[in-house]
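As structure tokens, the structure follows; a few thoughts come after it.
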Amino acid sequence: EEQLVESGGGLVKPGGSLRLSCAGTGFSFTYYNMVWVRQAPGKGLEWIASISGGSIYMYYAESVKGRFTVSRDNAKRSLYLQMNSLRAEDTAVYYCARHVNGMDVWGQGTTVTVS
Amino acid sequence: QSVLTQPPSASGTPGQMVTISCSGSSSNIGSNVVSWYQQAPRTAPKLLIHANNQRPSGVPDRFSGSKSGTSASLAISGLQSEDEADYYCAAWDDTLNGHVFGTGTRVIVL
């Protein structure tokens with residue numbers, strides 16, 4: 001079964017840092033572009049970062065550019081999101097997803113609370 | 001600050017058809033493919049439609065997508081109670097160099 005599992009969420013103070021992880025199983029992780037999407041409480045979906053399979057291309061939403069860094073370790077089949085200078089408005093459920101034809105496999109999400 | 005606009009809600013009785021619109025611009029829907037996602041309460045989103053009108057395996061053919069110019073639509077025919085969820089459109093935006101999601105539409109089955 002193709003699966004993504006996020007971890008690393010938690011409570012952090014404004015200005016603090018957090019690193020999210022996303023482990024992929026059941027598919028050839030190396031060959032897929034991956035994305036991070038977040039959802040603030042009671043709000044809609046917001047794409048925040050993408051990374052290509054070989055880490056050549058990385059894209060960020062303006063809302064996180066310069067503060068968040070997306071990376072991956074294909075040998076460990078893992079995707080990461082380093083979040084620095086966190087703000088209250090970064091409070092959200094963070095999802096990782098595989099992107100090939102649309103975002104076709106999603107993790108269950110990990111909650112980040114900045115307070 | 002979503003750049004894709006959807007109606008906040010849509011409703012219908014079981015068996016009816018519901019259509020959700022998604023309005024964008026030349027830099028997103030006008031020049032890239034559209035995907036649609038279903039999100040039931042307290043669950044992760046699920047891909048319903050990709051490449052404007054393609055259903056992944058396992059998605060019922062009650063769900064169909066279309067695109068014309070800078071707008072797209074999702075139609076749900078034969079509405080069922082389990083279709084009650086939030087629905088989002090999405091596309092790549094060439095100006096923003098990123099994915100953009102729609103504002104989301106809550107479908108209510110009366």
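Letters A, B, ... go to the chains of the structure tokens in the order shown; residues in each chain start at 1; ligands are counted from 1 in the same order.
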Report as JSON lines: every residue of chain A with an atom at most 8 Å from chain B, its closest pair of atoms, and their distance in Å to one decimal, counting only C-alpha atoms, with rows sorted by chain and ascending residue number.
```
{"residue": "A:Gly44", "atom": "CA", "partner": "B:Thr103", "partner_atom": "CA", "distance": 6.3}
{"residue": "A:Leu45", "atom": "CA", "partner": "B:Phe101", "partner_atom": "CA", "distance": 6.4}
{"residue": "A:Glu46", "atom": "CA", "partner": "B:Phe101", "partner_atom": "CA", "distance": 6.5}
{"residue": "A:Trp47", "atom": "CA", "partner": "B:His99", "partner_atom": "CA", "distance": 6.0}
{"residue": "A:Ala49", "atom": "CA", "partner": "B:Gly98", "partner_atom": "CA", "distance": 7.8}
{"residue": "A:Ser50", "atom": "CA", "partner": "B:Gly98", "partner_atom": "CA", "distance": 7.9}
{"residue": "A:Tyr59", "atom": "CA", "partner": "B:Gly98", "partner_atom": "CA", "distance": 6.5}
{"residue": "A:Tyr60", "atom": "CA", "partner": "B:Gly98", "partner_atom": "CA", "distance": 6.8}
{"residue": "A:Ala61", "atom": "CA", "partner": "B:Gly98", "partner_atom": "CA", "distance": 6.6}
{"residue": "A:Tyr95", "atom": "CA", "partner": "B:Ala44", "partner_atom": "CA", "distance": 7.7}
{"residue": "A:Asn101", "atom": "CA", "partner": "B:His50", "partner_atom": "CA", "distance": 5.9}
{"residue": "A:Gly102", "atom": "CA", "partner": "B:His50", "partner_atom": "CA", "distance": 5.3}
{"residue": "A:Met103", "atom": "CA", "partner": "B:Leu47", "partner_atom": "CA", "distance": 6.4}
{"residue": "A:Asp104", "atom": "CA", "partner": "B:Leu47", "partner_atom": "CA", "distance": 5.5}
{"residue": "A:Val105", "atom": "CA", "partner": "B:Lys46", "partner_atom": "CA", "distance": 7.7}
{"residue": "A:Trp106", "atom": "CA", "partner": "B:Ala44", "partner_atom": "CA", "distance": 6.7}
{"residue": "A:Gly107", "atom": "CA", "partner": "B:Ala44", "partner_atom": "CA", "distance": 7.0}
{"residue": "A:Gln108", "atom": "CA", "partner": "B:Ala44", "partner_atom": "CA", "distance": 5.6}
{"residue": "A:Gly109", "atom": "CA", "partner": "B:Ala44", "partner_atom": "CA", "distance": 6.9}
```
- Task: Write out as a ChimeraX atom specification which residues come within 12 Å of Pro41 of chain B when counting only C-alpha atoms, dropping same-chain ones fewer than 6 positions away.
- Result: /A:42 /B:82-87,106-107
If you count only C-alpha atoms, the residue of B:Thr13, B:Pro8, B:Thr70, B:Val18 closest to Asp93 of chain B turns out to be B:Thr70
Taken to one decimal, the atom CA of Ser7 of chain A-atom CA of Cys22 of chain A distance is 6.4 Å
